[in-house]
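Q: The file below is work-v7.pdb, PDB, C-alpha atoms:
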```pdb
MODEL        1
ATOM      1  CA  MET A   1     -54.900  72.558  71.602
ATOM      2  CA  GLU A   2     -56.703  69.219  71.794
ATOM      3  CA  ILE A   3     -58.035  67.720  75.017
ATOM      4  CA  VAL A   4     -58.575  63.955  75.119
ATOM      5  CA  GLY A   5     -59.596  62.197  78.320
ATOM      6  CA  GLY A   6     -58.553  65.166  80.415
ATOM      7  CA  ARG A   7     -55.087  65.390  78.847
ATOM      8  CA  GLN A   8     -53.947  68.328  76.740
ATOM      9  CA  TYR A   9     -52.070  67.683  73.497
ATOM     10  CA  VAL A  10     -50.064  70.188  71.521
ATOM     11  CA  GLU A  11     -51.359  70.910  68.054
ATOM     12  CA  ILE A  12     -49.120  70.072  65.113
ATOM     13  CA  GLY A  13     -50.061  71.398  61.703
ATOM     14  CA  GLY A  14     -50.692  68.997  58.841
ATOM     15  CA  ASP A  15     -50.939  65.233  59.081
ATOM     16  CA  LYS A  16     -47.276  64.283  58.679
ATOM     17  CA  THR A  17     -45.784  61.645  60.966
ATOM     18  CA  HIS A  18     -42.471  62.932  62.321
ATOM     19  CA  ASP A  19     -39.433  60.706  62.728
ATOM     20  CA  LEU A  20     -37.485  61.120  65.967
ATOM     21  CA  PRO A  21     -33.971  59.860  66.748
ATOM     22  CA  PRO A  22     -33.747  56.224  67.840
ATOM     23  CA  LEU A  23     -33.727  55.438  71.541
ATOM     24  CA  LEU A  24     -30.376  53.716  71.971
ATOM     25  CA  LEU A  25     -30.424  51.426  74.994
ATOM     26  CA  ARG A  26     -27.582  49.955  76.983
ATOM     27  CA  THR A  27     -29.683  48.176  79.549
ATOM     28  CA  SER A  28     -27.723  45.120  80.681
ATOM     29  CA  PRO A  29     -26.706  45.500  84.342
ATOM     30  CA  GLY A  30     -23.212  44.428  83.278
ATOM     31  CA  LEU A  31     -22.129  43.769  86.853
ATOM     32  CA  GLN A  32     -18.485  42.832  87.040
ATOM     33  CA  ARG A  33     -17.468  40.299  89.650
ATOM     34  CA  LEU A  34     -20.969  39.151  90.551
ATOM     35  CA  ASP A  35     -19.397  37.053  93.308
ATOM     36  CA  ARG A  36     -18.058  40.246  94.894
ATOM     37  CA  VAL A  37     -21.489  41.899  94.630
ATOM     38  CA  PHE A  38     -22.987  38.879  96.379
ATOM     39  CA  ASN A  39     -20.358  39.040  99.122
ATOM     40  CA  LEU A  40     -21.151  42.727  99.677
ATOM     41  CA  ALA A  41     -24.842  41.890  99.844
ATOM     42  CA  THR A  42     -24.052  39.238 102.448
ATOM     43  CA  SER A  43     -22.183  41.867 104.464
ATOM     44  CA  ILE A  44     -25.257  44.121 104.348
ATOM     45  CA  VAL A  45     -27.421  41.285 105.665
ATOM     46  CA  GLU A  46     -25.001  40.653 108.515
ATOM     47  CA  SER A  47     -24.133  44.247 109.433
ATOM     48  CA  GLU A  48     -27.752  45.396 109.487
ATOM     49  CA  ASP A  49     -28.924  42.374 111.517
ATOM     50  CA  MET A  50     -31.539  41.449 108.957
ATOM     51  CA  VAL A  51     -31.699  37.999 110.536
ATOM     52  CA  VAL A  52     -31.823  37.907 114.331
ATOM     53  CA  PRO A  53     -29.004  35.690 115.638
ATOM     54  CA  SER A  54     -30.032  32.484 117.356
ATOM     55  CA  HIS A  55     -29.284  32.130 121.057
ATOM     56  CA  THR A  56     -29.686  28.379 120.941
ATOM     57  CA  GLU A  57     -27.140  25.747 120.017
ATOM     58  CA  ASP A  58     -29.525  23.886 117.780
ATOM     59  CA  PRO A  59     -27.724  23.110 114.469
ATOM     60  CA  ALA A  60     -31.055  22.868 112.628
ATOM     61  CA  ILE A  61     -32.006  26.393 113.659
ATOM     62  CA  ASP A  62     -28.551  27.718 112.767
ATOM     63  CA  HIS A  63     -28.797  26.061 109.356
ATOM     64  CA  GLU A  64     -32.238  27.577 108.765
ATOM     65  CA  LEU A  65     -30.943  31.037 109.700
ATOM     66  CA  ASP A  66     -27.969  30.632 107.352
ATOM     67  CA  LEU A  67     -30.349  29.779 104.525
ATOM     68  CA  ARG A  68     -32.420  32.837 105.382
ATOM     69  CA  ARG A  69     -29.324  35.061 105.243
ATOM     70  CA  LEU A  70     -28.388  33.521 101.893
ATOM     71  CA  ASP A  71     -31.876  34.143 100.516
ATOM     72  CA  LEU A  72     -31.854  37.774 101.667
ATOM     73  CA  ALA A  73     -28.439  38.335 100.072
ATOM     74  CA  VAL A  74     -29.745  36.923  96.790
ATOM     75  CA  GLN A  75     -32.782  39.209  96.998
ATOM     76  CA  LEU A  76     -30.548  42.238  97.622
ATOM     77  CA  VAL A  77     -28.470  41.400  94.561
ATOM     78  CA  GLU A  78     -31.627  41.083  92.437
ATOM     79  CA  GLU A  79     -32.922  44.449  93.694
ATOM     80  CA  TYR A  80     -29.554  46.015  92.944
ATOM     81  CA  LYS A  81     -29.553  44.542  89.423
ATOM     82  CA  ARG A  82     -33.021  46.008  88.846
ATOM     83  CA  LEU A  83     -31.803  49.373  90.119
ATOM     84  CA  VAL A  84     -28.836  49.374  87.730
ATOM     85  CA  THR A  85     -31.023  48.285  84.815
ATOM     86  CA  HIS A  86     -33.484  51.108  85.524
ATOM     87  CA  TRP A  87     -30.626  53.597  85.884
ATOM     88  CA  LYS A  88     -29.286  52.601  82.465
ATOM     89  CA  TRP A  89     -32.738  53.001  80.950
ATOM     90  CA  GLY A  90     -32.909  56.465  82.528
ATOM     91  CA  ASP A  91     -29.483  57.385  81.183
ATOM     92  CA  SER A  92     -30.514  56.302  77.690
ATOM     93  CA  ILE A  93     -33.814  58.187  77.923
ATOM     94  CA  LEU A  94     -32.230  61.479  78.985
ATOM     95  CA  GLU A  95     -29.781  61.283  76.083
ATOM     96  CA  TRP A  96     -32.694  60.486  73.740
ATOM     97  CA  ILE A  97     -34.597  63.531  75.022
ATOM     98  CA  ARG A  98     -31.555  65.696  74.330
ATOM     99  CA  GLN A  99     -31.395  64.354  70.763
ATOM    100  CA  CYS A 100     -35.137  64.930  70.329
ATOM    101  CA  GLU A 101     -34.798  68.547  71.471
ATOM    102  CA  ILE A 102     -32.069  69.073  68.883
ATOM    103  CA  THR A 103     -34.346  67.525  66.249
ATOM    104  CA  PHE A 104     -37.269  69.753  67.240
ATOM    105  CA  ASP A 105     -35.064  72.829  67.078
ATOM    106  CA  THR A 106     -34.039  72.056  63.493
ATOM    107  CA  ARG A 107     -37.606  71.647  62.179
ATOM    108  CA  PRO A 108     -39.749  74.781  61.853
ATOM    109  CA  GLU A 109     -43.005  72.848  62.258
ATOM    110  CA  LEU A 110     -41.804  71.441  65.616
ATOM    111  CA  ARG A 111     -39.578  74.198  66.997
ATOM    112  CA  ALA A 112     -42.384  76.236  68.552
ATOM    113  CA  LEU A 113     -43.750  73.266  70.519
ATOM    114  CA  LEU A 114     -40.960  73.552  73.099
ATOM    115  CA  ARG A 115     -41.387  77.268  73.751
ATOM    116  CA  PRO A 116     -42.644  77.919  77.317
ATOM    117  CA  ASP A 117     -44.229  81.215  76.261
ATOM    118  CA  LEU A 118     -46.777  79.281  74.181
ATOM    119  CA  TRP A 119     -49.848  77.698  75.755
ATOM    120  CA  PRO A 120     -49.844  74.788  75.937
ATOM    121  CA  HIS A 121     -46.313  73.633  75.154
ATOM    122  CA  ALA A 122     -44.299  70.443  75.331
ATOM    123  CA  GLY A 123     -41.629  70.061  78.014
ATOM    124  CA  ARG A 124     -38.910  67.510  78.662
ATOM    125  CA  CYS A 125     -41.345  65.375  80.629
ATOM    126  CA  SER A 126     -43.559  65.274  77.525
ATOM    127  CA  PHE A 127     -41.005  62.993  75.897
ATOM    128  CA  VAL A 128     -41.218  60.618  78.855
ATOM    129  CA  THR A 129     -45.004  60.575  78.454
ATOM    130  CA  LEU A 130     -44.529  59.890  74.749
ATOM    131  CA  LEU A 131     -42.400  56.837  75.586
ATOM    132  CA  GLU A 132     -45.147  55.593  77.886
ATOM    133  CA  ASP A 133     -47.870  56.254  75.300
ATOM    134  CA  LYS A 134     -45.874  54.353  72.667
ATOM    135  CA  SER A 135     -45.193  51.452  75.111
ATOM    136  CA  ALA A 136     -41.505  51.776  74.254
ATOM    137  CA  ALA A 137     -40.183  50.283  77.494
ATOM    138  CA  ASP A 138     -40.012  46.668  78.602
ATOM    139  CA  SER A 139     -42.918  45.551  80.743
ATOM    140  CA  GLU A 140     -40.575  45.296  83.746
ATOM    141  CA  VAL A 141     -39.278  48.857  83.383
ATOM    142  CA  ASP A 142     -40.986  51.855  84.963
ATOM    143  CA  VAL A 143     -39.922  54.749  82.744
ATOM    144  CA  GLU A 144     -40.501  57.457  85.355
ATOM    145  CA  ARG A 145     -38.580  55.471  87.971
ATOM    146  CA  ALA A 146     -35.739  54.975  85.473
ATOM    147  CA  VAL A 147     -35.474  58.704  84.774
ATOM    148  CA  GLY A 148     -35.756  59.497  88.490
ATOM    149  CA  LEU A 149     -32.862  57.191  89.341
ATOM    150  CA  ARG A 150     -30.697  58.728  86.614
ATOM    151  CA  LEU A 151     -31.533  62.207  87.916
ATOM    152  CA  THR A 152     -30.517  61.102  91.420
ATOM    153  CA  PHE A 153     -27.261  59.329  90.562
ATOM    154  CA  ARG A 154     -24.744  60.371  87.924
ATOM    155  CA  GLN A 155     -23.415  56.819  88.026
ATOM    156  CA  PRO A 156     -24.965  53.763  89.711
ATOM    157  CA  PRO A 157     -23.220  53.479  93.099
ATOM    158  CA  PRO A 158     -21.868  50.111  94.248
ATOM    159  CA  ILE A 159     -24.251  47.975  96.268
ATOM    160  CA  SER A 160     -22.298  48.662  99.457
ATOM    161  CA  PHE A 161     -23.463  52.297  99.335
ATOM    162  CA  PHE A 162     -27.074  51.269  99.892
ATOM    163  CA  SER A 163     -28.939  50.106 102.956
ATOM    164  CA  ASN A 164     -31.304  47.170 102.753
ATOM    165  CA  GLN A 165     -34.131  49.616 103.459
ATOM    166  CA  PHE A 166     -33.249  51.624 100.363
ATOM    167  CA  LEU A 167     -32.988  48.605  98.081
ATOM    168  CA  PHE A 168     -36.141  46.903  99.344
ATOM    169  CA  LEU A 169     -38.403  49.829 100.237
ATOM    170  CA  LEU A 170     -37.181  53.329  99.417
ATOM    171  CA  GLN A 171     -35.679  53.386  95.936
ATOM    172  CA  SER A 172     -39.009  53.621  94.108
ATOM    173  CA  THR A 173     -40.184  56.479  96.333
ATOM    174  CA  VAL A 174     -36.898  58.367  95.977
ATOM    175  CA  ALA A 175     -36.906  57.918  92.193
ATOM    176  CA  SER A 176     -40.567  58.952  91.893
ATOM    177  CA  THR A 177     -39.989  62.087  93.963
ATOM    178  CA  ALA A 178     -36.953  63.012  91.857
ATOM    179  CA  PHE A 179     -38.925  62.576  88.642
ATOM    180  CA  GLN A 180     -41.916  64.585  89.850
ATOM    181  CA  LYS A 181     -39.672  67.442  90.988
ATOM    182  CA  TRP A 182     -37.852  67.411  87.649
ATOM    183  CA  ALA A 183     -41.127  67.326  85.714
ATOM    184  CA  SER A 184     -42.486  70.273  87.713
ATOM    185  CA  LEU A 185     -39.597  72.512  86.639
ATOM    186  CA  ASN A 186     -41.334  73.202  83.328
ATOM    187  CA  PRO A 187     -43.773  76.125  83.368
ATOM    188  CA  THR A 188     -47.340  74.854  83.345
ATOM    189  CA  PRO A 189     -49.387  73.792  81.590
ATOM    190  CA  VAL A 190     -47.217  71.187  79.884
ATOM    191  CA  ALA A 191     -49.090  69.348  77.142
ATOM    192  CA  SER A 192     -48.520  65.868  75.775
ATOM    193  CA  LEU A 193     -47.116  65.073  72.354
ATOM    194  CA  PRO A 194     -49.693  63.225  70.223
ATOM    195  CA  PRO A 195     -48.195  59.706  69.904
ATOM    196  CA  GLU A 196     -49.760  59.047  66.495
ATOM    197  CA  ARG A 197     -47.735  61.942  65.023
ATOM    198  CA  PHE A 198     -44.319  60.570  66.000
ATOM    199  CA  ARG A 199     -42.349  57.421  65.347
ATOM    200  CA  PHE A 200     -38.937  56.213  66.442
ATOM    201  CA  GLU A 201     -37.008  53.000  66.868
ATOM    202  CA  VAL A 202     -35.882  51.436  70.117
ATOM    203  CA  VAL A 203     -32.469  49.842  69.597
ATOM    204  CA  ASP A 204     -30.873  47.648  72.249
ATOM    205  CA  MET A 205     -27.140  48.264  71.901
ATOM    206  CA  THR A 206     -26.286  45.424  74.308
ATOM    207  CA  ALA A 207     -27.682  42.731  72.020
TER     208      ALA A 207
ENDMDL
END
```
Show me, as structure tokens, the structure contained in the file I just sent.
A:
Amino acid sequence: MEIVGGRQYVEIGGDKTHDLPPLLLRTSPGLQRLDRVFNLATSIVESEDMVVPSHTEDPAIDHELDLRRLDLAVQLVEEYKRLVTHWKWGDSILEWIRQCEITFDTRPELRALLRPDLWPHAGRCSFVTLLEDKSAADSEVDVERAVGLRLTFRQPPPISFFSNQFLFLLQSTVASTAFQKWASLNPTPVASLPPERFRFEVVDMTA
């Protein structure tokens, strides 16, 4: 076991750099009928009274309120697009972890690292940490949030399923809680995988 900066790393014999399966990404939101998504966002703005109706008959005020409703609908659509993008990252990451576990199981020098009866050992969350250590994600993507959203939703629900409070305020907290609960399922202590001992490609399949 090696401890660096308070973190524990599993020990891997030799000095070989191990190749892992590529992380295959399908990250484009790919929203069909964006006009329909916008209309649903507009309905959320109206049904949840996000803009207080005017009790005056001033056309200038009414016009300003209409612009405010339009702006909020656009913001909701952008938040929803970010949610779907993160979900797709999470879906790709969980499949990559599954492929990595298969790879570890086929290599004697790596197989023991995943055994919970060894101390310390690597768990599924160790692969997420490895992605973060290797800076594999886009700067706008929070890897833990992405995995948390995928753990929460089997498929990204339509925008009409969400409240404005969820899209604007709660989704990050919900995703973070889901990830932390998932990560805690491994017996402790869970050690990190030394990033200098592994390499893999990140391939964007939507390009």
Q: How many Å lie between atom CA of Ala41 of chain A and atom CA of Ile159 of chain A, rounded to one decimal?
A: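 A separation of 7.1 Å between them.
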Q: Taking all atoms listed in the file into account, name the residue in A:Ala146, A:Cys100, A:Ala112, A:Val141 that is nearest to Thr173 of chain A.
A: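 Of A:Ala146, A:Cys100, A:Ala112, A:Val141, the one nearest Thr173 of chain A is A:Ala146, counting all atoms listed in the file.
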Q: Which residues fall under the PyMOL selection byres ((chain A and resi 11) around 10) in this file, as a VMD selection string?
A: chain A and resid 1 to 2 8 to 10 12 to 14 110 113 120 to 121 191 to 194
Q: Could you save the residues just selected, with C-alpha atoms, as a tab-separated table (two decimals), keeping the file's coordinate frame?
A:
```tsv
chain	number	residue	atom	x	y	z
A	1	MET	CA	-54.90	72.56	71.60
A	2	GLU	CA	-56.70	69.22	71.79
A	8	GLN	CA	-53.95	68.33	76.74
A	9	TYR	CA	-52.07	67.68	73.50
A	10	VAL	CA	-50.06	70.19	71.52
A	12	ILE	CA	-49.12	70.07	65.11
A	13	GLY	CA	-50.06	71.40	61.70
A	14	GLY	CA	-50.69	69.00	58.84
A	110	LEU	CA	-41.80	71.44	65.62
A	113	LEU	CA	-43.75	73.27	70.52
A	120	PRO	CA	-49.84	74.79	75.94
A	121	HIS	CA	-46.31	73.63	75.15
A	191	ALA	CA	-49.09	69.35	77.14
A	192	SER	CA	-48.52	65.87	75.78
A	193	LEU	CA	-47.12	65.07	72.35
A	194	PRO	CA	-49.69	63.22	70.22
```
Q: Pick out the closest residue to Glu140 of chain A from this set: A:Ser126, A:Ile102, A:His86, A:Arg115. Count only C-alpha atoms.
A: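 Closest to Glu140 of chain A, using only C-alpha atoms: A:His86.
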Q: To one decimal in Å, tell me the separation between atom CA of Glu46 of chain A and atom CA of Leu67 of chain A.
A: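 These two atoms are separated by 12.8 Å.
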Q: Of the candidates A:Thr152, A:Thr188, A:Gln75, A:Ser160, which shows the shortest atom-to-atom distance to Val37 of chain A, using only C-alpha atoms?
A: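 Residue with the minimum atom-to-atom distance to Val37 of chain A: A:Ser160.
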Q: Need to verify the contact set: segment 176-179 of chain A, 7 Å, all atoms listed in the file, exclusion of same-chain residues closer than 4 positions in sequence. Can you return it as a list in words?
A: Glu144, Arg145, Val147, Gly148, Leu151, Thr152, Ser172 and Ala183 of chain A
Q: Which residue gives the smallest distance to Arg82 of chain A among A:Gln165, A:Ser43, A:Thr27, A:Asn186, with only C-alpha atoms counted?
A: A:Thr27
Q: Atom CA of Pro195 of chain A and atom CA of Leu24 of chain A, how far apart in Å?
A: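 Separation of atom CA of Leu24 of chain A and atom CA of Pro195 of chain A: 18.9 Å.
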Q: With distances taken over only C-alpha atoms, which residue among A:Gln155, A:Thr129, A:Gln180, A:Thr106 lies nearest Val143 of chain A?
A: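 Under the stated criterion, the closest residue is A:Thr129.
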Q: Which is closer to Glu201 of chain A than all the others in A:Leu83, A:Leu72, A:Val174, A:Leu20, using all atoms listed in the file?
A: A:Leu20
Q: Could you expand the PyMOL selection byres ((chain A and resi 18) around 8) into the explicit residues it covers here, written as a ChimeraX atom specification?
A: /A:16-17,19-20,197-199
Q: Carefully work through the PyMOL selection byres ((chain A and resi 91) around 9) for this structure and note down the residues it includes, as a list in words.
A: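 When the PyMOL selection byres ((chain A and resi 91) around 9) is applied to the shown file, the picked residues are Leu25, Arg26, His86, Trp87, Lys88, Trp89, Gly90, Ser92, Ile93, Leu94, Glu95, Trp96, Ala146, Val147, Leu149, Arg150, Leu151 and Arg154 of chain A.
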Q: Could you name the residues that touch segment 69-71 of chain A at 12 Å or less, counting all atoms listed in the file, but leaving out those on the same chain fewer than 2 positions away, as a list in words?
A: Phe38, Asn39, Leu40, Ala41, Thr42, Ser43, Ile44, Val45, Glu46, Ser47, Glu48, Asp49, Met50, Val51, Val52, Pro53, Asp62, His63, Glu64, Leu65, Asp66, Leu67, Ala73, Val74, Gln75, Leu76, Val77 and Glu78 of chain A
Q: Would you put the residues from that selection into a file with C-alpha atoms, as a short mmCIF file (atom, residue, chain, number, x, y, z; two decimals), keeping the file's coordinate frame?
A:
```
data_model
loop_
_atom_site.label_atom_id
_atom_site.label_comp_id
_atom_site.auth_asym_id
_atom_site.auth_seq_id
_atom_site.Cartn_x
_atom_site.Cartn_y
_atom_site.Cartn_z
CA PHE A 38 -22.99 38.88 96.38
CA ASN A 39 -20.36 39.04 99.12
CA LEU A 40 -21.15 42.73 99.68
CA ALA A 41 -24.84 41.89 99.84
CA THR A 42 -24.05 39.24 102.45
CA SER A 43 -22.18 41.87 104.46
CA ILE A 44 -25.26 44.12 104.35
CA VAL A 45 -27.42 41.28 105.66
CA GLU A 46 -25.00 40.65 108.52
CA SER A 47 -24.13 44.25 109.43
CA GLU A 48 -27.75 45.40 109.49
CA ASP A 49 -28.92 42.37 111.52
CA MET A 50 -31.54 41.45 108.96
CA VAL A 51 -31.70 38.00 110.54
CA VAL A 52 -31.82 37.91 114.33
CA PRO A 53 -29.00 35.69 115.64
CA ASP A 62 -28.55 27.72 112.77
CA HIS A 63 -28.80 26.06 109.36
CA GLU A 64 -32.24 27.58 108.76
CA LEU A 65 -30.94 31.04 109.70
CA ASP A 66 -27.97 30.63 107.35
CA LEU A 67 -30.35 29.78 104.52
CA ALA A 73 -28.44 38.34 100.07
CA VAL A 74 -29.74 36.92 96.79
CA GLN A 75 -32.78 39.21 97.00
CA LEU A 76 -30.55 42.24 97.62
CA VAL A 77 -28.47 41.40 94.56
CA GLU A 78 -31.63 41.08 92.44
#
```
